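> Got a structure here, written out as structure tokens. Questions coming.
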Amino acid sequence: MDIGTVIGLIWGTVVFAIAIWLGGAGFMAYYDLPSVFIVFGGLVAVVVTKWPFGTTIGTFRASLKAMFFVPPTYSSTIEQMIVLAEKARRESIFALEKVEIADPFIKKACNLAADNRPPEVINSILTMDMDSSEERHKAVLTVLGAIAEDAPAMGMIGTLVGLVAMLQNLSDPSAIGPGMAVAILTTFYGAMIANIYAVPIQKKLEVRSNEEKKNTIIIITGILGIVAGENPRLIREKLESFLTPSERKKEGAEEEAPKKV
Amino acid sequence: MDIGTVIGLIWGTVVFAIAIWLGGAGFMAYYDLPSVFIVFGGLVAVVVTKWPFGTTIGTFRASLKAMFFVPPTYSSTIEQMIVLAEKARRESIFALEKVEIADPFIKKACNLAADNRPPEVINSILTMDMDSSEERHKAVLTVLGAIAEDAPAMGMIGTLVGLVAMLQNLSDPSAIGPGMAVAILTTFYGAMIANIYAVPIQKKLEVRSNEEKKNTIIIITGILGIVAGENPRLIREKLESFLTPSERKKEGAEEEAPKKV
Amino acid sequence: MDIGTVIGLIWGTVVFAIAIWLGGAGFMAYYDLPSVFIVFGGLVAVVVTKWPFGTTIGTFRASLKAMFFVPPTYSSTIEQMIVLAEKARRESIFALEKVEIADPFIKKACNLAADNRPPEVINSILTMDMDSSEERHKAVLTVLGAIAEDAPAMGMIGTLVGLVAMLQNLSDPSAIGPGMAVAILTTFYGAMIANIYAVPIQKKLEVRSNEEKKNTIIIITGILGIVAGENPRLIREKLESFLTPSERKKEGAEEEAPKKV
Amino acid sequence: MDIGTVIGLIWGTVVFAIAIWLGGAGFMAYYDLPSVFIVFGGLVAVVVTKWPFGTTIGTFRASLKAMFFVPPTYSSTIEQMIVLAEKARRESIFALEKVEIADPFIKKACNLAADNRPPEVINSILTMDMDSSEERHKAVLTVLGAIAEDAPAMGMIGTLVGLVAMLQNLSDPSAIGPGMAVAILTTFYGAMIANIYAVPIQKKLEVRSNEEKKNTIIIITGILGIVAGENPRLIREKLESFLTPSERKKEGAEEEAPKKV
Amino acid sequence: MDIGTVIGLIWGTVVFAIAIWLGGAGFMAYYDLPSVFIVFGGLVAVVVTKWPFGTTIGTFRASLKAMFFVPPTYSSTIEQMIVLAEKARRESIFALEKVEIADPFIKKACNLAADNRPPEVINSILTMDMDSSEERHKAVLTVLGAIAEDAPAMGMIGTLVGLVAMLQNLSDPSAIGPGMAVAILTTFYGAMIANIYAVPIQKKLEVRSNEEKKNTIIIITGILGIVAGENPRLIREKLESFLTPSERKKEGAEEEAPKKV
């Protein structure tokens with residue numbers, strides 16, 4: 001559960017809810033079903049035209065998963081790989097099959113190693129999985145980026161529609177204000193979707209996708225070292241070389257506790 | 001028939017038709033012949049100035065074809081090539097001439113193979129066809145991209161023309177609203193053309209062009225393998241290596257049924 | 001005479017003339033000498049500051065020539081070179097001096113060949129001419145691109161000047177409308193210059209410059225083949241290899257007639 | 001203490017304070033708690049969603065330090081390294097341990113040299129420190145860049161919220177002006193944050209980060225020369241080759257005085 | 001004295017002075033001390049925050065010099081170098097010391113040659129001077145580019161300040177117009193600074209910086225040829241190879257007269 005994303009998105013919504021409440025016009029002044037319909041309906045039309053249907057559905061599912069899933073820290077992944085390496089050394093590589101591991105990717109890597117598959121096969125199967133996952137994330141980033149551009153465009157078109165309607169009927173002065181307010185709402189919805197939701201989620205997904213990829217590379221390197229029967233000490237050195245200096249430092253501080261994992 | 005593109009474009013139009021209906025000013029408030037004339041007339045002027053006439057016509061014809069044409073899935077193309085490879089193995093390469101195939105590009109490849117042309121000639125003729133097709137698609141993408149930029153520009157100029165006309169005559173207050181409404185219409189038309197039609201169609205064409213190219217490369221690789229008398233098994237392996245991991249997975253699931261094609 | 005450019009520019013002007021006429025405020029409402037003076041005067045100031053004076057004049061002369069000049073089709077250029085190659089074969093290379101050719105670049109190439117100059121000298125002299133011409137076109141493209149950016153900027157500054165003047169005198173309500181209309185005119189002029197004239201002309205020049213360069217390369221390759229005494233058949237093959245597949249196809253269809261050129 | 005940054009930021013604030021005072025509407029007209037809340041609350045929401053929490057806090061701490069810290073001039077760094085080189089020559093490399101140096105990075109380099117560590121180890125440890133520092137600066141630049149984009153976006157959304165509230169209640173004409181003024185305030189806050197604070201600080205940090213990196217490279221090169229027992233003259237020549245010609249000239253002028261450091 | 005730059009900048013100012021005069025509101029309507037203060041004060045704040053103080057001063061001095069200084073034409077530089085080469089040939093290389101030359105860079109090159117310095121030293125000293133000069137120009141281009149972006153931003157913030165002040169006091173209708181006019185003035189000042197002054201000067205400086213660099217390279221190549229005792233004819237050929245074909249042609253036409261320089 002990526003608490004930062006959830007808090008950020010809820011807080012962003014709350015900020016503008018409070019702003020509306022402080023504005024004193026009441027929440028209903030900011031709700032207009034036709035305006036909601038224009039922005040969301042238009043967005044759906046554009047997304048459906050731009051991308052094949054299956055892709056769109058698939059990317060949103062992946063997006064939700066990635067949003068709420070926090071990848072393990074690199075140091076905890078390294079510690080897990082070292083524990084496995086020590087177990088494989090003490091007992092045998094076939095012992096990896098019975099290890100209980102929550103991470104399905106490490107589990108898969110262990111099974112492949114315990115099946116005594118050749119290193120090239122293990123490498124290519126796990127790399128394919130990694131590429132496939134990265135590919136799905138990239139598709140989501142592209143769709144979210146397009147939504148961040150299209151939402152304000154739909155909002156602007158909706159405002160033009162509303163303005164034309166309002167301008168047709170200026171005879172009743174008391175209707176001008178509310179008419180214009182409604183016209184502005186689509187622009188407001190479009191700006192909220194783009195700036196409070198689509199762009200920040202896209203940014204966080206990019207960060208997470210990069211972290212997940214690095215984590216996967218650490219696991220693949222680790223399991224290949226285990227299969228090759230390398231010394232756990234050497235494996236640790238190899239895996240830590242993937243970390244940038246600042247990551248290494250932070251982990252140095254935490255190393256005492258998690259080492260017993 | 002690319003159902004997604006058709007649904008997306010129709011739905012985009014319907015969304016704003018409903019929005020106009022809900023706005024209550026009536027459809028006629030959004031129709032103004034001079035405004036239509038300004039945006040479309042201006043667009044034609046800009047396109048005719050920018051590109052040679054023949055190119056423009058040709059690209060629009062190609063665009064329509066590409067929009068409504070869904071390229072076959074990679075897996076069905078691979079299966080077709082395997083069926084051909086098996087036929088050429090069992091009977092002889094000359095048997096490819098009499099095979100009934102809907103895809104004109106595969107048909108052409110078969111004829112070239114049955115004519116016993118050398119592999120280099122087959123390769124260069126088919127590659128030329130592929131390049132020529134990609135080239136036409138690229139020209140369409142460029143023209144559509146320019147329309148997506150020019151349509152809002154024409155809309156803005158039209159609105160300036162309308163504003164000047166309206167401002168000249170402020171003595172009749174009841175004419176101000178409708179005058180301004182008409183002035184805004186060109187901006188509305190320009191934004192619709194760019195955001196609901198030109199950009200989404202351009203995006204979909206780009207996706208389709210890439211798919212078609214990949215499909216063509218699969219066919220060329222397949223026919224060259226057939227001509228070289230390679231084992232159908234080997235050909236399948238070669239062709240599947242063009243797929244990304246996620247495409248391969250999806251196809252693994254579908255493989256049972258289409259194999260009998 | 002590039003009929004497409006001329007029609008496009010005239011049509012673009014006519015579209016907005018009709019739009020103004022339909023607007024009903026009369027043409028004089030869109031003509032304001034000070035506004036014309038601001039946009040054009042400002043543009044001149046910016047262009048004179050940005051580029052040396054001689055360059056600006058030179059580029060505009062080249063621009064006019066390039067706009068109204070349609071380069072010959074590649075196929076007709078190839079046919080001309082083949083005719084020359086056959087003549088040089090049948091008679092002698094010195095016969096090229098007396099050939100009557102409209103294209104001054106081919107004429108120059110023929111004279112150099114007939115003068116019995118070494119191939120390297122012919123190549124370097126003709127390549128220099130080509131580079132010099134391309135260079136001039138690039139300068140024009142840069143200046144036109146800057147005008148397309150500066151014209152709307154001048155229009156906006158002019159509108160600010162007009163708005164300040166209008167706002168100083170709100171006591172006479174009947175003057176507000178026309179005052180604001182005049183203020184908007186500079187923005188209108190700036191947008192017209194940029195979107196209807198500068199950008200489309202720039203685009204067409206880019207297309208023409210690329211065509212001219214390719215034509216020149218065909219001529220240089222041809223004359224070098226002739227000087228080397230190559231077979232006309234071989235020369236044709238060489239020259240046609242410069243064409244993309246789709247150009248070659250189109251030419252295949254036209255080949256019957258023009259071959260007798 | 002980077003006096004330029006401090007003066008620039010205070011002066012930027014003072015300019016607009018004076019502008020507000022001259023405007024005559026009083027400072028309170030520019031202060032609206034809900035508007036402040038919208039812009040800052042929205043910014044926090046977006047930043048928290050986009051980046052992991054720890055990173056954000058860490059980058060702001062680094063940002064403050066970098067803003068108020070002026071890196072030493074290259075020439076003073078070079079002089080310090082020469083003094084150290086002469087001391088190491090006259091006494092011994094172990095004498096570097098007892099030297100009193102304010103700069104912690106030079107101090108660390110001296111200690112490593114006095115510990116008689118091999119040059120590769122000294123190099124890799126110091127380079128890691130440099131990379132780690134640069135990395136932290138880059139993260140700050142990214143966050144500041146995002147704030148410079150998000151602040152105006154939050155301001156615009158806030159203005160839309162305010163406009164809708166104001167338009168709902170046009171019956172009291174005397175409330176229209178202040179209502180609109182308040183709506184505009186969020187745009188004003190967003191523009192101030194982006195243009196007066198975020199972008200200029202980002203730019204200065206970029207300059208400082210580059211200067212610090214160059215300084216670090218000079219120190220590393222110097223200490224490696226000292227460890228290798230090179231002649232101080234040669235070390236000076238090496239270090240000065242890192243300077244661009246203009247930096248060298250300026251330093252030539254100052255060389256008389258600081259040489260006795 | 002770069003007459004084009006001076007005329008362009010004065011003309012740009014005159015155009016808008018005439019526009020203001022034609023507008024009929026009087027020059028004083030466009031002058032507002034607080035508005036001037038906001039735009040210039042804000043610009044100073046931003047520039048001081050972004051760049052170290054010394055750099056800013058230095059770049060503006062260099063900018064003024066570069067603006068009013070027209071680099072000599074390449075052909076006159078080449079003729080000067082040929083005259084020097086012939087003198088060095090007829091008399092001796094030491095004769096270059098007593099030659100009277102206005103250009104300080106050629107003078108420096110002559111002195112270095114007459115001092116009998118080795119070619120590598122001459123080359124590195126002169127190249128350093130060239131790099132140092134280019135570096136200063138680049139800094140100016142960056143600062144001018146930032147001003148072209150910051151001036152409109154300051155103008156917009158100033159307009160927001162003015163609008164809020166005006167909106168607070170709508171009770172006196174006769175004050176609305178002038179209040180709004182004053183608010184718009186900062187935007188007007190910002191647009192003038194960016195589009196009429198900063199961007200065109202930046203562009204011209206870029207052109208001049210490139211010309212000066214090319215000129216310097218011609219001089220360095222020439223003096224190295226002279227030091228190596230090469231034939232003046234060969235030196236001329238070498239130097240002219242730096243010119244593009246069109247520059248060579250123009251110079252061919254002028255060659256008769258200046259040859260006697």
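In the structure tokens, chains take the letters A, B, ... in the order shown, each chain's residues start at 1, and ligands count up from 1 in the order shown.
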Considering only C-alpha atoms, tabulate each residue of chain C that lies at most 9 Å from chain B along with its nearest interatomic pair and the corresponding distance in Å to one decimal; arrange the rows by chain and ascending residue number and present them as a tab-separated table.

residue	atom	partner	partner_atom	distance
C:Asp2	CA	B:Pro52	CA	9.0
C:Gly4	CA	B:Thr49	CA	5.8
C:Thr5	CA	B:Thr49	CA	4.5
C:Val6	CA	B:Thr49	CA	7.4
C:Ile7	CA	B:Thr49	CA	7.4
C:Gly8	CA	B:Thr49	CA	4.5
C:Leu9	CA	B:Thr49	CA	6.4
C:Ile10	CA	B:Ala45	CA	8.1
C:Trp11	CA	B:Ala45	CA	5.7
C:Gly12	CA	B:Ala45	CA	4.9
C:Thr13	CA	B:Ala45	CA	8.6
C:Val15	CA	B:Gly41	CA	6.0
C:Phe16	CA	B:Ile38	CA	6.8
C:Ile18	CA	B:Pro34	CA	8.4
C:Ala19	CA	B:Pro34	CA	6.3
C:Ile20	CA	B:Val161	CA	6.6
C:Leu22	CA	B:Pro34	CA	6.8
C:Gly23	CA	B:Ala165	CA	6.0
C:Gly24	CA	B:Ala165	CA	7.0
C:Ala25	CA	B:Ala165	CA	5.1
C:Gly26	CA	B:Ala165	CA	8.3
C:Ala29	CA	B:Val164	CA	7.4
C:Tyr30	CA	B:Val164	CA	7.5
C:Ser174	CA	B:Ser171	CA	7.2
C:Ile176	CA	B:Leu167	CA	8.2
C:Gly177	CA	B:Leu167	CA	4.5
C:Pro178	CA	B:Gln168	CA	5.1
C:Gly179	CA	B:Leu167	CA	8.5
C:Met180	CA	B:Leu167	CA	7.0
C:Ala181	CA	B:Val164	CA	4.7
C:Val182	CA	B:Val164	CA	7.7
C:Ile184	CA	B:Val164	CA	7.1
C:Leu185	CA	B:Val164	CA	7.6
C:Thr187	CA	B:Leu160	CA	8.0
C:Phe188	CA	B:Leu160	CA	6.1
C:Ala191	CA	B:Ile157	CA	6.6
C:Met192	CA	B:Ile157	CA	7.1
C:Asn195	CA	B:Ala153	CA	7.0
C:Ile196	CA	B:Val46	CA	6.3
C:Tyr197	CA	B:Val46	CA	8.4
C:Val199	CA	B:Lys50	CA	8.3
C:Pro200	CA	B:Lys50	CA	4.8
C:Ile201	CA	B:Lys50	CA	6.7
C:Gln202	CA	B:Lys50	CA	8.0
C:Lys203	CA	B:Lys50	CA	5.4
C:Lys204	CA	B:Lys50	CA	4.8
C:Leu205	CA	B:Lys50	CA	8.6
C:Val207	CA	B:Trp51	CA	7.7
C:Thr244	CA	B:Ser132	CA	7.4
C:Pro245	CA	B:Ser132	CA	5.6
C:Ser246	CA	B:Ser132	CA	5.4
C:Glu247	CA	B:Ser132	CA	8.8
> Just write the chosen residues, N, CA and C atoms, as a compact mmCIF listing (two decimals), in the first residue's frame.

# COMPACT_ATOMS: atom_id res chain seq x y z
N ASP C 2 4.20 27.65 -59.33
CA ASP C 2 3.65 26.67 -58.40
C ASP C 2 2.19 27.03 -58.12
N GLY C 4 -0.29 25.53 -56.83
CA GLY C 4 -0.86 25.21 -55.52
C GLY C 4 -0.62 26.32 -54.51
N THR C 5 0.61 26.85 -54.46
CA THR C 5 0.92 27.92 -53.52
C THR C 5 0.08 29.15 -53.81
N VAL C 6 0.01 29.51 -55.10
CA VAL C 6 -0.72 30.72 -55.48
C VAL C 6 -2.20 30.58 -55.13
N ILE C 7 -2.79 29.43 -55.51
CA ILE C 7 -4.21 29.21 -55.21
C ILE C 7 -4.44 29.22 -53.71
N GLY C 8 -3.57 28.53 -52.96
CA GLY C 8 -3.73 28.44 -51.52
C GLY C 8 -3.71 29.81 -50.86
N LEU C 9 -2.75 30.65 -51.27
CA LEU C 9 -2.62 31.97 -50.63
C LEU C 9 -3.81 32.86 -51.00
N ILE C 10 -4.20 32.83 -52.30
CA ILE C 10 -5.34 33.65 -52.72
C ILE C 10 -6.61 33.16 -52.03
N TRP C 11 -6.80 31.86 -52.01
CA TRP C 11 -8.00 31.28 -51.42
C TRP C 11 -8.08 31.62 -49.92
N GLY C 12 -6.91 31.54 -49.24
CA GLY C 12 -6.89 31.90 -47.82
C GLY C 12 -7.33 33.34 -47.60
N THR C 13 -6.91 34.23 -48.52
CA THR C 13 -7.30 35.63 -48.42
C THR C 13 -8.79 35.79 -48.72
N VAL C 15 -11.19 33.54 -48.41
CA VAL C 15 -12.01 32.96 -47.34
C VAL C 15 -12.32 34.02 -46.29
N PHE C 16 -11.28 34.74 -45.86
CA PHE C 16 -11.52 35.70 -44.79
C PHE C 16 -12.18 36.98 -45.30
N ILE C 18 -14.55 36.85 -47.60
CA ILE C 18 -15.96 36.44 -47.59
C ILE C 18 -16.50 36.43 -46.16
N ALA C 19 -15.68 35.94 -45.23
CA ALA C 19 -16.11 35.90 -43.83
C ALA C 19 -16.43 37.31 -43.33
N ILE C 20 -15.58 38.27 -43.70
CA ILE C 20 -15.80 39.66 -43.30
C ILE C 20 -17.08 40.19 -43.93
N LEU C 22 -19.65 38.43 -44.96
CA LEU C 22 -20.81 37.80 -44.32
C LEU C 22 -21.05 38.37 -42.94
N GLY C 23 -19.97 38.82 -42.26
CA GLY C 23 -20.11 39.38 -40.91
C GLY C 23 -20.97 40.64 -40.91
N GLY C 24 -21.01 41.33 -42.04
CA GLY C 24 -21.93 42.45 -42.20
C GLY C 24 -21.45 43.78 -41.65
N ALA C 25 -20.22 43.83 -41.13
CA ALA C 25 -19.74 45.10 -40.59
C ALA C 25 -19.01 45.92 -41.64
N GLY C 26 -18.86 45.37 -42.82
CA GLY C 26 -18.20 46.11 -43.89
C GLY C 26 -16.69 45.96 -43.83
N ALA C 29 -14.38 48.16 -41.55
CA ALA C 29 -14.27 47.88 -40.12
C ALA C 29 -13.01 47.07 -39.82
N TYR C 30 -12.46 46.43 -40.85
CA TYR C 30 -11.27 45.60 -40.64
C TYR C 30 -10.01 46.29 -41.13
N SER C 174 -20.65 54.82 -26.54
CA SER C 174 -20.74 54.44 -27.95
C SER C 174 -19.36 54.28 -28.58
N ILE C 176 -16.81 52.73 -26.99
CA ILE C 176 -16.13 51.55 -26.42
C ILE C 176 -16.01 50.43 -27.45
N GLY C 177 -17.12 50.09 -28.08
CA GLY C 177 -17.13 49.01 -29.05
C GLY C 177 -16.11 49.21 -30.16
N PRO C 178 -16.24 50.28 -30.95
CA PRO C 178 -15.28 50.50 -32.03
C PRO C 178 -13.84 50.58 -31.51
N GLY C 179 -13.63 51.20 -30.33
CA GLY C 179 -12.28 51.29 -29.79
C GLY C 179 -11.69 49.91 -29.55
N MET C 180 -12.49 49.06 -28.96
CA MET C 180 -12.04 47.70 -28.69
C MET C 180 -11.84 46.94 -30.01
N ALA C 181 -12.73 47.16 -30.98
CA ALA C 181 -12.61 46.50 -32.28
C ALA C 181 -11.26 46.85 -32.92
N VAL C 182 -10.91 48.15 -32.86
CA VAL C 182 -9.63 48.57 -33.44
C VAL C 182 -8.48 47.91 -32.70
N ILE C 184 -8.40 45.07 -31.29
CA ILE C 184 -8.30 43.65 -31.66
C ILE C 184 -7.68 43.47 -33.04
N LEU C 185 -7.79 44.51 -33.91
CA LEU C 185 -7.34 44.36 -35.30
C LEU C 185 -5.88 43.95 -35.42
N THR C 187 -4.10 42.11 -33.42
CA THR C 187 -4.01 40.67 -33.16
C THR C 187 -4.49 39.89 -34.38
N PHE C 188 -5.58 40.39 -35.00
CA PHE C 188 -6.11 39.75 -36.21
C PHE C 188 -5.06 39.76 -37.34
N ALA C 191 -2.21 37.32 -36.55
CA ALA C 191 -2.58 35.91 -36.70
C ALA C 191 -2.70 35.54 -38.18
N MET C 192 -3.24 36.47 -39.01
CA MET C 192 -3.34 36.21 -40.45
C MET C 192 -1.95 36.03 -41.05
N ASN C 195 -0.41 32.58 -39.69
CA ASN C 195 -1.04 31.30 -40.00
C ASN C 195 -1.45 31.12 -41.45
N ILE C 196 -1.79 32.21 -42.13
CA ILE C 196 -2.25 32.08 -43.53
C ILE C 196 -1.10 32.27 -44.51
N TYR C 197 -0.10 33.09 -44.15
CA TYR C 197 0.99 33.34 -45.09
C TYR C 197 2.33 32.73 -44.67
N VAL C 199 3.69 30.65 -42.19
CA VAL C 199 3.92 29.22 -41.94
C VAL C 199 3.68 28.37 -43.18
N PRO C 200 2.54 28.55 -43.92
CA PRO C 200 2.36 27.71 -45.11
C PRO C 200 3.46 27.93 -46.17
N ILE C 201 3.87 29.20 -46.39
CA ILE C 201 4.94 29.43 -47.37
C ILE C 201 6.22 28.75 -46.91
N GLN C 202 6.52 28.86 -45.62
CA GLN C 202 7.73 28.21 -45.10
C GLN C 202 7.70 26.71 -45.36
N LYS C 203 6.54 26.09 -45.07
CA LYS C 203 6.40 24.64 -45.28
C LYS C 203 6.63 24.27 -46.74
N LYS C 204 5.96 25.03 -47.67
CA LYS C 204 6.09 24.72 -49.09
C LYS C 204 7.54 24.88 -49.54
N LEU C 205 8.21 25.96 -49.05
CA LEU C 205 9.61 26.18 -49.43
C LEU C 205 10.48 25.02 -48.99
N VAL C 207 9.55 21.88 -48.64
CA VAL C 207 9.29 20.79 -49.57
C VAL C 207 10.06 21.02 -50.87
N THR C 244 12.35 6.86 -54.30
CA THR C 244 11.73 5.94 -53.36
C THR C 244 10.81 5.04 -54.16
N PRO C 245 10.44 3.87 -53.60
CA PRO C 245 9.60 2.93 -54.36
C PRO C 245 8.36 3.57 -54.96
N SER C 246 7.66 4.43 -54.19
CA SER C 246 6.40 4.97 -54.71
C SER C 246 6.67 5.94 -55.87
N GLU C 247 7.78 6.67 -55.83
CA GLU C 247 8.11 7.55 -56.95
C GLU C 247 8.41 6.73 -58.20
> So how far away is CA of Val227 in chain D from CA of Pro118 in chain D, in Å?
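These two atoms are separated by 8.6 Å.
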